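Reproduced below: data_38.txt, with compact mmCIF, C-alpha atoms.
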# COMPACT_ATOMS: atom_id res chain seq x y z
CA MET A 24 -13.05 49.58 18.07
CA ASN A 25 -12.71 47.85 14.70
CA PRO A 26 -12.39 50.62 12.04
CA ALA A 27 -15.01 48.77 9.98
CA SER A 28 -17.52 48.78 12.86
CA PRO A 29 -20.57 51.05 12.65
CA GLN A 30 -20.29 54.27 14.64
CA ARG A 31 -24.00 54.41 15.54
CA ILE A 32 -26.22 51.43 16.38
CA VAL A 33 -29.92 51.74 17.18
CA ILE A 34 -31.81 48.93 18.95
CA ILE A 35 -35.62 48.99 18.91
CA GLY A 36 -37.19 46.86 21.63
CA GLY A 37 -37.39 46.26 25.36
CA GLY A 38 -37.27 42.50 25.78
CA GLN A 39 -34.77 39.65 25.69
CA GLY A 40 -33.58 40.29 22.15
CA ALA A 41 -32.89 43.96 22.76
CA GLY A 42 -31.26 43.44 26.15
CA ALA A 43 -29.11 40.54 24.94
CA SER A 44 -28.00 42.62 21.94
CA LEU A 45 -26.81 45.48 24.13
CA ARG A 46 -25.04 43.09 26.49
CA HIS A 47 -23.27 41.50 23.54
CA LEU A 48 -22.17 44.91 22.30
CA ARG A 49 -20.64 45.53 25.71
CA ALA A 50 -18.96 42.12 25.74
CA LEU A 51 -17.31 42.94 22.41
CA ALA A 52 -16.15 46.33 23.77
CA TYR A 53 -18.11 48.30 21.18
CA GLY A 54 -17.01 51.93 21.38
CA GLY A 55 -19.65 53.63 19.24
CA ILE A 56 -22.97 55.22 20.19
CA THR A 57 -25.84 52.87 21.07
CA SER A 58 -29.44 54.05 21.24
CA VAL A 59 -32.13 51.77 22.71
CA VAL A 60 -35.81 52.57 22.14
CA CYS A 61 -38.20 50.88 24.62
CA ALA A 62 -41.96 51.21 24.23
CA GLU A 63 -42.43 50.51 27.95
CA ASP A 64 -41.22 52.74 30.77
CA GLN A 65 -38.74 50.01 31.76
CA TYR A 66 -35.23 49.09 30.73
CA PRO A 67 -35.07 45.82 28.74
CA TYR A 68 -36.08 42.84 30.87
CA GLU A 69 -36.67 39.09 30.68
CA ARG A 70 -40.20 37.91 29.88
CA PRO A 71 -40.35 34.15 30.75
CA PRO A 72 -40.46 34.67 34.56
CA LEU A 73 -43.58 36.86 34.18
CA SER A 74 -45.72 33.72 34.08
CA LYS A 75 -43.71 31.95 36.79
CA ASP A 76 -41.47 33.53 39.46
CA TYR A 77 -42.65 37.11 38.99
CA LEU A 78 -46.30 36.08 38.97
CA ASN A 79 -45.98 34.16 42.23
CA GLY A 80 -43.92 36.93 43.85
CA THR A 81 -40.60 35.10 44.22
CA THR A 82 -38.62 37.49 42.03
CA THR A 83 -38.58 41.23 41.31
CA LEU A 84 -38.45 43.39 38.21
CA ASP A 85 -34.98 44.52 39.16
CA ALA A 86 -33.81 40.90 39.07
CA LEU A 87 -35.31 40.52 35.58
CA THR A 88 -33.77 43.71 34.18
CA LEU A 89 -31.14 42.90 31.58
CA CYS A 90 -29.36 46.23 31.27
CA LYS A 91 -29.33 49.83 32.46
CA PRO A 92 -27.19 52.75 31.28
CA GLU A 93 -23.50 52.13 31.92
CA ASN A 94 -21.71 54.87 30.00
CA PRO A 95 -22.43 58.16 28.18
CA ARG A 96 -22.33 56.40 24.80
CA GLU A 97 -25.54 54.52 25.64
CA GLN A 98 -28.81 56.40 25.19
CA PHE A 99 -32.14 54.98 26.34
CA TYR A 100 -35.50 56.28 25.10
CA LEU A 101 -38.08 54.84 27.52
CA ALA A 102 -41.86 55.00 27.05
CA ASP A 103 -41.26 55.96 23.44
CA THR A 104 -41.84 54.09 20.19
CA ALA A 105 -40.25 53.99 16.78
CA GLU A 106 -42.87 55.19 14.31
CA ARG A 107 -40.90 55.18 11.08
CA ILE A 108 -37.65 53.89 9.63
CA ASP A 109 -36.12 55.74 6.70
CA PRO A 110 -33.67 53.23 5.17
CA ALA A 111 -32.44 55.73 2.56
CA GLU A 112 -31.47 58.34 5.16
CA LYS A 113 -30.72 55.73 7.86
CA VAL A 114 -32.90 57.46 10.44
CA VAL A 115 -35.44 56.19 12.98
CA ALA A 116 -38.25 58.63 13.81
CA LEU A 117 -39.80 58.31 17.29
CA ARG A 118 -43.29 59.19 18.48
CA SER A 119 -41.77 61.87 20.73
CA GLY A 120 -40.43 63.70 17.67
CA VAL A 121 -36.81 62.62 18.13
CA SER A 122 -34.96 61.37 15.04
CA ILE A 123 -32.06 58.97 15.63
CA PRO A 124 -29.49 58.36 12.87
CA TYR A 125 -27.95 54.91 12.55
CA ASP A 126 -25.26 53.03 10.68
CA LYS A 127 -26.76 49.69 11.74
CA LEU A 128 -30.26 49.11 13.07
CA LEU A 129 -31.55 46.13 15.07
CA ILE A 130 -35.28 45.46 15.36
CA ALA A 131 -36.35 43.43 18.40
CA THR A 132 -39.97 44.56 18.67
CA GLY A 133 -41.37 41.17 19.70
CA GLY A 134 -45.12 40.92 19.40
CA GLU A 135 -48.50 41.64 20.92
CA ALA A 136 -50.81 39.16 22.62
CA ARG A 137 -53.54 38.00 20.26
CA LYS A 138 -56.85 39.41 21.50
CA LEU A 139 -60.20 37.74 21.93
CA VAL A 140 -62.84 38.87 19.45
CA ILE A 141 -66.08 37.91 21.20
CA ALA A 142 -68.86 39.57 23.12
CA GLY A 143 -67.56 40.66 26.54
CA ALA A 144 -63.89 40.56 25.57
CA ASP A 145 -63.41 44.13 26.83
CA PHE A 146 -64.46 43.43 30.43
CA PRO A 147 -61.79 44.72 32.86
CA ASN A 148 -61.23 41.27 34.41
CA VAL A 149 -60.13 39.80 31.06
CA HIS A 150 -56.34 39.59 31.22
CA TYR A 151 -53.39 39.00 28.90
CA LEU A 152 -49.76 38.48 29.81
CA ARG A 153 -47.04 40.11 27.76
CA THR A 154 -45.52 42.86 29.91
CA VAL A 155 -44.59 43.43 33.53
CA HIS A 156 -47.61 45.74 33.83
CA ASP A 157 -49.83 42.86 32.67
CA ALA A 158 -48.20 40.58 35.24
CA ARG A 159 -48.83 43.06 38.07
CA ARG A 160 -52.51 43.34 37.13
CA LEU A 161 -52.77 39.59 36.86
CA ARG A 162 -51.14 39.03 40.26
CA THR A 163 -53.60 41.45 41.89
CA ALA A 164 -56.54 39.79 40.12
CA LEU A 165 -55.46 36.31 41.25
CA ALA A 166 -55.31 37.53 44.84
CA ALA A 167 -58.81 38.99 44.51
CA CYS A 168 -60.09 35.69 43.09
CA ARG A 169 -58.53 33.82 45.98
CA ALA A 170 -60.20 36.14 48.49
CA ALA A 171 -63.58 35.80 46.77
CA GLN A 172 -63.13 32.06 46.09
CA THR A 173 -64.06 32.47 42.45
CA LEU A 174 -62.88 30.49 39.43
CA VAL A 175 -60.06 31.37 37.07
CA LEU A 176 -60.84 30.64 33.42
CA VAL A 177 -57.78 30.25 31.20
CA ILE A 178 -58.36 30.41 27.45
CA GLY A 179 -55.64 28.66 25.46
CA GLY A 180 -53.68 25.47 26.06
CA GLY A 181 -50.26 26.69 24.96
CA TRP A 182 -47.28 27.41 27.19
CA ILE A 183 -48.51 30.70 28.64
CA GLY A 184 -51.95 29.30 29.40
CA LEU A 185 -50.55 26.19 31.06
CA GLU A 186 -48.03 28.11 33.17
CA ILE A 187 -50.72 30.50 34.38
CA ALA A 188 -53.10 27.62 35.11
CA ALA A 189 -50.36 25.96 37.16
CA ALA A 190 -49.67 29.20 39.07
CA ALA A 191 -53.39 29.65 39.79
CA ARG A 192 -53.78 26.10 41.10
CA GLN A 193 -50.66 26.39 43.23
CA ALA A 194 -52.24 29.50 44.74
CA GLY A 195 -55.25 27.38 45.70
CA LEU A 196 -57.63 28.70 43.02
CA ALA A 197 -60.23 26.67 41.18
CA THR A 198 -58.99 26.70 37.58
CA THR A 199 -60.54 25.70 34.28
CA LEU A 200 -58.56 25.76 31.03
CA ILE A 201 -60.18 25.48 27.61
CA GLU A 202 -58.38 24.70 24.37
CA ALA A 203 -60.07 24.68 20.98
CA ALA A 204 -57.65 22.11 19.54
CA PRO A 205 -57.81 18.37 20.36
CA GLN A 206 -54.52 18.49 22.32
CA LEU A 207 -52.37 20.86 24.35
CA CYS A 208 -49.40 22.69 22.75
CA GLY A 209 -50.23 21.31 19.30
CA ARG A 210 -47.65 23.50 17.53
CA SER A 211 -44.72 22.23 19.59
CA LEU A 212 -45.49 18.87 21.25
CA PRO A 213 -46.18 15.42 19.79
CA ALA A 214 -49.51 14.00 20.96
CA PRO A 215 -48.10 11.45 23.48
CA VAL A 216 -46.16 14.15 25.37
CA ALA A 217 -49.16 16.49 25.25
CA ALA A 218 -51.23 13.69 26.78
CA GLU A 219 -48.69 13.35 29.63
CA LEU A 220 -48.91 17.08 30.27
CA LEU A 221 -52.71 16.90 30.23
CA ARG A 222 -52.71 14.15 32.85
CA ALA A 223 -50.23 16.06 35.01
CA HIS A 224 -52.50 19.12 35.12
CA GLN A 225 -55.62 17.08 35.69
CA ASP A 226 -53.96 15.15 38.54
CA ARG A 227 -53.16 18.51 40.19
CA GLY A 228 -56.72 19.79 39.94
CA VAL A 229 -56.86 21.80 36.69
CA ASN A 230 -60.12 21.21 34.82
CA ILE A 231 -59.01 21.01 31.17
CA ARG A 232 -61.52 20.88 28.34
CA LEU A 233 -60.10 20.15 24.90
CA GLY A 234 -61.95 20.77 21.66
CA CYS A 235 -63.76 23.60 23.41
CA ALA A 236 -63.72 27.31 22.61
CA ILE A 237 -65.04 30.47 24.23
CA HIS A 238 -68.27 31.77 22.72
CA ALA A 239 -69.09 34.82 24.86
CA LEU A 240 -68.50 36.46 28.25
CA HIS A 241 -71.38 37.80 30.30
CA GLY A 242 -71.74 40.25 33.18
CA ASP A 243 -72.52 43.85 34.04
CA ASP A 244 -69.31 45.75 34.75
CA ARG A 245 -67.11 42.61 34.70
CA ALA A 246 -67.24 39.07 33.36
CA THR A 247 -69.06 36.74 35.76
CA ALA A 248 -69.87 33.88 33.39
CA ALA A 249 -68.63 32.38 30.13
CA THR A 250 -70.58 30.52 27.48
CA LEU A 251 -68.52 27.86 25.74
CA SER A 252 -68.80 26.39 22.25
CA ASP A 253 -70.38 23.19 23.60
CA GLY A 254 -73.28 25.26 24.95
CA SER A 255 -72.28 25.04 28.61
CA THR A 256 -71.86 28.05 30.90
CA VAL A 257 -69.28 28.39 33.66
CA PRO A 258 -69.09 31.08 36.38
CA VAL A 259 -65.83 33.04 36.38
CA GLY A 260 -64.02 35.46 38.66
CA MET A 261 -61.43 36.37 36.05
CA VAL A 262 -60.37 35.34 32.56
CA VAL A 263 -56.80 34.93 31.32
CA VAL A 264 -56.25 34.74 27.56
CA GLY A 265 -53.24 33.00 26.03
CA ILE A 266 -54.11 32.36 22.39
CA GLY A 267 -50.88 33.32 20.69
CA LEU A 268 -48.74 36.25 19.67
CA ILE A 269 -48.87 38.59 16.68
CA PRO A 270 -45.36 39.73 15.68
CA ASN A 271 -44.82 43.48 15.51
CA THR A 272 -43.79 43.65 11.85
CA GLN A 273 -45.58 46.82 10.72
CA LEU A 274 -42.56 49.06 11.27
CA ALA A 275 -40.48 46.77 9.05
CA ALA A 276 -43.19 46.43 6.41
CA ASP A 277 -43.58 50.22 6.19
CA ALA A 278 -39.82 50.41 5.57
CA ALA A 279 -40.23 47.95 2.66
CA LEU A 280 -38.35 45.14 4.41
CA ALA A 281 -39.29 41.59 3.45
CA VAL A 282 -41.96 40.27 5.82
CA GLY A 283 -43.66 36.87 6.03
CA ASN A 284 -44.73 35.35 9.32
CA GLY A 285 -42.17 37.73 10.79
CA ILE A 286 -39.39 39.96 9.51
CA ARG A 287 -37.46 37.73 7.14
CA VAL A 288 -33.78 37.41 8.06
CA ASP A 289 -30.82 35.19 7.26
CA VAL A 290 -29.01 32.99 9.78
CA ASN A 291 -27.18 36.07 11.12
CA GLY A 292 -30.32 38.16 11.51
CA ARG A 293 -29.76 40.34 8.44
CA THR A 294 -32.96 41.57 6.77
CA SER A 295 -33.47 42.42 3.11
CA ASP A 296 -31.71 45.70 3.90
CA PRO A 297 -28.03 44.94 4.68
CA HIS A 298 -27.92 47.68 7.33
CA ILE A 299 -30.95 46.42 9.26
CA TYR A 300 -31.17 43.28 11.44
CA ALA A 301 -34.02 41.65 13.35
CA VAL A 302 -33.95 39.15 16.24
CA GLY A 303 -36.23 37.36 18.66
CA ASP A 304 -39.98 36.78 18.45
CA VAL A 305 -40.37 39.12 15.48
CA ALA A 306 -37.79 37.43 13.21
CA GLU A 307 -38.48 34.62 10.72
CA PHE A 308 -35.35 32.72 9.75
CA PRO A 309 -34.36 29.56 7.83
CA CYS A 310 -33.97 26.57 10.14
CA THR A 311 -32.58 23.26 8.90
CA TRP A 312 -33.84 21.52 12.05
CA HIS A 313 -37.43 22.30 11.07
CA GLY A 314 -36.75 22.20 7.35
CA CYS A 315 -38.38 25.57 6.71
CA ALA A 316 -38.42 29.21 7.75
CA VAL A 317 -39.67 29.59 11.32
CA ARG A 318 -40.30 32.18 13.98
CA MET A 319 -39.32 31.03 17.48
CA GLU A 320 -40.78 32.69 20.57
CA THR A 321 -38.14 31.48 23.01
CA TRP A 322 -35.62 32.96 25.44
CA ASN A 323 -32.78 30.92 23.97
CA ASN A 324 -33.55 31.92 20.39
CA ALA A 325 -33.53 35.63 21.29
CA ASN A 326 -30.12 35.24 22.94
CA VAL A 327 -28.61 33.24 20.09
CA GLN A 328 -29.91 35.58 17.40
CA ALA A 329 -28.77 38.66 19.32
CA ALA A 330 -25.20 37.32 19.58
CA ARG A 331 -25.10 36.43 15.90
CA ALA A 332 -26.60 39.71 14.71
CA ILE A 333 -24.31 41.91 16.79
CA SER A 334 -21.22 39.92 15.79
CA ALA A 335 -22.22 40.23 12.13
CA MET A 336 -22.86 43.97 12.51
CA LEU A 337 -19.42 44.49 13.99
CA GLN A 338 -17.78 42.06 11.56
CA HIS A 339 -16.24 40.47 14.62
CA ALA A 340 -13.44 38.01 13.98
CA GLU A 341 -14.87 35.57 16.56
CA SER A 342 -18.45 35.63 15.30
CA PRO A 343 -20.65 32.63 16.17
CA PRO A 344 -20.67 29.83 13.56
CA ALA A 345 -22.88 30.31 10.53
CA GLY A 346 -24.76 27.01 10.99
CA ASP A 347 -28.08 26.56 12.76
CA ALA A 348 -28.21 26.85 16.53
CA VAL A 349 -30.05 23.93 18.14
CA PRO A 350 -33.62 24.99 19.04
CA TRP A 351 -34.24 24.64 22.77
CA PHE A 352 -36.77 25.89 25.29
CA TRP A 353 -38.26 24.95 28.62
CA SER A 354 -41.37 25.38 30.73
CA ASP A 355 -41.85 24.97 34.49
CA GLN A 356 -45.31 23.86 35.59
CA PHE A 357 -46.05 22.64 39.13
CA ASP A 358 -43.16 20.32 39.99
CA LEU A 359 -42.50 19.56 36.33
CA ASN A 360 -39.62 20.88 34.26
CA LEU A 361 -40.29 20.22 30.58
CA GLN A 362 -37.53 20.88 28.04
CA VAL A 363 -37.76 20.61 24.26
CA LEU A 364 -34.65 20.22 22.11
CA GLY A 365 -34.43 20.30 18.32
CA ALA A 366 -37.59 19.71 16.26
CA PRO A 367 -39.54 16.74 17.67
CA LEU A 368 -42.52 17.32 15.37
CA ALA A 369 -40.26 16.78 12.34
CA GLY A 370 -39.45 13.26 13.49
CA ASP A 371 -40.70 10.10 11.81
CA GLY A 372 -40.07 7.78 14.76
CA SER A 373 -39.60 7.93 18.52
CA LEU A 374 -38.31 6.17 21.60
CA VAL A 375 -39.16 6.90 25.23
CA SER A 376 -37.15 6.17 28.37
CA THR A 377 -38.66 6.55 31.84
CA ASP A 378 -37.05 6.54 35.29
CA ALA A 379 -38.10 5.48 38.76
CA GLU A 380 -38.81 9.09 39.81
CA GLY A 381 -41.45 9.57 37.11
CA GLY A 382 -39.24 11.46 34.66
CA ALA A 383 -39.35 10.71 30.95
CA LEU A 384 -37.03 11.27 28.01
CA HIS A 385 -38.61 11.17 24.55
CA LEU A 386 -36.21 10.85 21.60
CA TYR A 387 -37.16 11.54 17.98
CA ILE A 388 -35.53 10.25 14.80
CA LYS A 389 -35.59 11.58 11.25
CA SER A 390 -33.96 9.26 8.75
CA THR A 391 -31.02 8.09 10.89
CA ARG A 392 -30.27 11.25 12.93
CA LEU A 393 -31.53 12.52 16.26
CA ILE A 394 -33.91 15.32 15.26
CA GLY A 395 -35.32 16.16 18.69
CA ALA A 396 -35.76 15.29 22.34
CA ILE A 397 -38.24 16.15 25.08
CA GLY A 398 -37.38 15.73 28.73
CA ILE A 399 -39.83 15.78 31.63
CA ASN A 400 -37.77 16.26 34.79
CA ARG A 401 -34.72 15.12 32.83
CA ALA A 402 -32.81 18.40 32.66
CA ARG A 403 -29.40 16.74 32.94
CA ASP A 404 -30.08 14.45 29.98
CA ILE A 405 -31.31 17.31 27.80
CA ARG A 406 -28.22 19.32 28.73
CA ILE A 407 -25.98 16.45 27.60
CA LEU A 408 -27.93 15.91 24.38
CA LYS A 409 -27.76 19.62 23.60
CA ARG A 410 -23.96 19.57 23.89
CA ALA A 411 -23.81 16.40 21.78
CA VAL A 412 -25.86 17.76 18.87
CA GLU A 413 -24.03 21.08 19.00
CA ARG A 414 -20.87 19.08 18.35
CA ASP A 415 -22.49 16.84 15.74
CA PRO A 416 -25.79 18.05 14.21
CA GLN A 417 -26.00 14.71 12.39
CA LEU A 418 -25.75 12.70 15.62
CA PRO A 419 -26.89 9.15 14.80
CA PHE A 420 -30.09 8.16 16.58
CA GLU A 421 -28.80 4.61 17.04
CA ARG A 422 -25.78 5.87 18.94
CA VAL A 423 -28.00 7.89 21.29
CA ALA A 424 -30.28 4.89 21.85
CA ASN A 425 -27.28 2.72 22.65
CA CYS A 426 -26.04 5.25 25.23
CA LEU A 427 -29.31 5.65 27.14
CA ALA A 428 -27.85 4.08 30.25
CA ASN A 429 -25.11 6.75 30.31
CA LEU A 430 -25.61 9.62 27.89
CA ARG A 431 -22.29 11.16 28.90
CA GLU A 432 -20.69 8.63 26.59
CA LEU A 433 -21.90 10.86 23.74
CA LEU A 434 -19.53 13.67 24.79
Transcribe the structure of this file into structure tokens.
Amino acid sequence: MNPASPQRIVIIGGGQGAGASLRHLRALAYGGITSVVCAEDQYPYERPPLSKDYLNGTTTLDALTLCKPENPREQFYLADTAERIDPAEKVVALRSGVSIPYDKLLIATGGEARKLVIAGADFPNVHYLRTVHDARRLRTALAACRAAQTLVLVIGGGWIGLEIAAAARQAGLATTLIEAAPQLCGRSLPAPVAAELLRAHQDRGVNIRLGCAIHALHGDDRATAATLSDGSTVPVGMVVVGIGLIPNTQLAADAALAVGNGIRVDVNGRTSDPHIYAVGDVAEFPCTWHGCAVRMETWNNANVQAARAISAMLQHAESPPAGDAVPWFWSDQFDLNLQVLGAPLAGDGSLVSTDAEGGALHLYIKSTRLIGAIGINRARDIRILKRAVERDPQLPFERVANCLANLRELL
């Protein structure tokens, strides 16, 4: 172990950021003591499949688990939470009464599903999806709806809502999705791509109502009807809410760390305290692709930030580069694979290329550079573009446009 490396590292979290951080420590042959604090009674696991493969029963929790104890230097505290960080003493106090000293601390606490605040929101058949326990409840509820032939109401037209709506329809359930905004995925998709996604869901039987919000839920011991903002009422068998995430920043704020729309960090995940790092959904970092500080709730971002933070903690000679990683995420809905690269919403012009199989590649320009791309069933093209912009973040848009017939020419 590098003599300058910390002897004791504490990781707070049980998701992708925490699991990827521990795996990176192992890859770098860290020889100190690692303590991992997980609020759930599970070892760190991947979250994206909860709304896809795990929900439809084609994968297991064991397959999603990122890490389990491998040596005596790794300590896991399951079903326990960090209640206080003492930066002066470098100690994390847990709910169970345990105090864990650290030389370096990594916060990967993610966030909590934003809750409905309406009449009837506490009915037992109102569901959220953030944890594997949520996914199990949701899977059971979908099966009950299928047996009773009742409707699934999805509130929220973001990625979680759309993926759950797709899963419900594929299971043969009548599904209605409402979104208060005038388009789907307004924080991440340009309007033309959102319109394509809307048509895809409608063509597959999802009833989508834009510009429509939930007003109240009605029933005796469970929700059986919903009143919407347009005055209409729809019968429901269950309700699934996907209206955003609230980052778990309170622990950091109580420790006097800088907090904005997340825990504020630099490009290597370092907070305002040089001994404390934050990664994943909870971290707000400067991004030149977006031109501002952002918080990214993506699998790829958690992995990239974990690798950078751990390398910086260990002062590793082969640390990742200090520049921005290229933002990238994907979503699988029905037979569609949608991938978003870079920052399409920052673009000031666009070009679209379609293929005979119904796939589409949307390219976005800012000034003269490629600022983003969105592929619908064009995974190979997005993979090539990702490699190209990793090599040259200022990749000229004109060059990309000229290579549309064979994007491999960019490599």
> Given the choices A:Leu78, A:Cys61, A:Ile141, A:Phe308, which gets closest to Leu117 in chain A if the distance is worked out from only C-alpha atoms?
Replying inline: A:Cys61
> Which of these, A:Ala111, A:Ile130, A:Leu408, A:Leu374, has the shortest distance to Leu433 in chain A once you count all atoms listed in the file?
Replying inline: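 Comparing A:Ala111, A:Ile130, A:Leu408, A:Leu374 against Leu433 in chain A, the winner is A:Leu408.
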Can you list, as a JSON list (two decimals) with C-alpha atoms, in the frame of the given file, every protein, DNA or RNA residue that comes within 8 Å of Val114 in chain A when you count all atoms listed in the file, leaving out same-chain residues fewer than 2 positions away?
[["chain", "number", "residue", "atom", "x", "y", "z"],
["A", 108, "ILE", "CA", -37.65, 53.89, 9.63],
["A", 109, "ASP", "CA", -36.12, 55.74, 6.70],
["A", 110, "PRO", "CA", -33.67, 53.23, 5.17],
["A", 112, "GLU", "CA", -31.47, 58.34, 5.16],
["A", 116, "ALA", "CA", -38.25, 58.63, 13.81],
["A", 122, "SER", "CA", -34.96, 61.37, 15.04],
["A", 123, "ILE", "CA", -32.06, 58.97, 15.63],
["A", 124, "PRO", "CA", -29.49, 58.36, 12.87],
["A", 125, "TYR", "CA", -27.95, 54.91, 12.55]]
> Quick one: residues within 12 Å of Glu219 in chain A, all atoms listed in the file counted, chain neighbours fewer than 2 positions away excluded, as JSON, numbers by chain?
Replying inline: {"A": [206, 207, 208, 212, 213, 214, 215, 216, 217, 221, 222, 223, 224, 225, 226, 359, 361, 381, 382, 383, 384, 385, 397, 398, 399]}
Distance table requested - range 117-166 of chain A against range 193-205 of chain A, cut-off 12 Å, only C-alpha atoms: one row per qualifying residue with the closest atom pair and its distance in Å to one decimal, ordered by chain and rising residue number, as a tab-separated table.
residue	atom	partner	partner_atom	distance
A:Arg162	CA	A:Ala194	CA	10.6
A:Ala164	CA	A:Leu196	CA	11.5
A:Leu165	CA	A:Leu196	CA	8.1
A:Ala166	CA	A:Ala194	CA	8.6
>> Between CA of Gly370 in chain A and CA of Leu220 in chain A, what is the distance in Å, rounded to a tenth?
In response: 19.6 Å
Can you write out as JSON lines which residues of range 287-396 of chain A fall within 10 Å of range 415-421 of chain A, alongside each residue's closest atom pair and its distance in Å to one decimal, counting all atoms listed in the file and ordering rows by chain and ascending residue number?
{"residue": "A:Trp312", "atom": "CA", "partner": "A:Pro416", "partner_atom": "CA", "distance": 9.0}
{"residue": "A:Gly346", "atom": "CA", "partner": "A:Pro416", "partner_atom": "CA", "distance": 9.6}
{"residue": "A:Asp347", "atom": "CA", "partner": "A:Pro416", "partner_atom": "CA", "distance": 8.9}
{"residue": "A:Ala348", "atom": "CA", "partner": "A:Pro416", "partner_atom": "CA", "distance": 9.4}
{"residue": "A:Val349", "atom": "CA", "partner": "A:Pro416", "partner_atom": "CA", "distance": 8.3}
{"residue": "A:Gly365", "atom": "CA", "partner": "A:Pro416", "partner_atom": "CA", "distance": 9.8}
{"residue": "A:Ser373", "atom": "CA", "partner": "A:Phe420", "partner_atom": "CA", "distance": 9.7}
{"residue": "A:Leu374", "atom": "CA", "partner": "A:Phe420", "partner_atom": "CA", "distance": 9.8}
{"residue": "A:Leu386", "atom": "CA", "partner": "A:Phe420", "partner_atom": "CA", "distance": 8.4}
{"residue": "A:Tyr387", "atom": "CA", "partner": "A:Phe420", "partner_atom": "CA", "distance": 8.0}
{"residue": "A:Ile388", "atom": "CA", "partner": "A:Phe420", "partner_atom": "CA", "distance": 6.1}
{"residue": "A:Lys389", "atom": "CA", "partner": "A:Phe420", "partner_atom": "CA", "distance": 8.4}
{"residue": "A:Ser390", "atom": "CA", "partner": "A:Phe420", "partner_atom": "CA", "distance": 8.8}
{"residue": "A:Thr391", "atom": "CA", "partner": "A:Phe420", "partner_atom": "CA", "distance": 5.8}
{"residue": "A:Arg392", "atom": "CA", "partner": "A:Pro419", "partner_atom": "CA", "distance": 4.4}
{"residue": "A:Leu393", "atom": "CA", "partner": "A:Phe420", "partner_atom": "CA", "distance": 4.6}
{"residue": "A:Ile394", "atom": "CA", "partner": "A:Phe420", "partner_atom": "CA", "distance": 8.2}
{"residue": "A:Gly395", "atom": "CA", "partner": "A:Phe420", "partner_atom": "CA", "distance": 9.8}
> Using all atoms listed in the file, which of the listed residues (A:Ser252, A:Ala301, A:Val262, A:Val175) sits closest to Ala281 in chain A?
Replying inline: A:Ala301
>> Measuring between only C-alpha atoms, which one of A:Ala218, A:Val149, A:Ala102, A:Leu45 shows the shortest distance to Leu233 in chain A?
In response: A:Ala218
>> What's around range 325-327 of chain A at 7 Å? Count all atoms listed in the file, leave out sequence neighbours fewer than 2 positions away in its own chain, and write the answer as an MDAnalysis selection string.
In response: chainID A and resid 39:40 43 302:303 321:323 329:331
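Take the candidates A:Val121, A:Ala189, A:Met261, A:Met319 and check each one against Gly285 in chain A using all atoms listed in the file; the shortest distance goes to A:Met319.
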> Between A:Tyr77, A:Tyr300, A:Trp182, A:Tyr66, which has the minimum distance to Cys90 in chain A (counting only C-alpha atoms)?
Replying inline: A:Tyr66
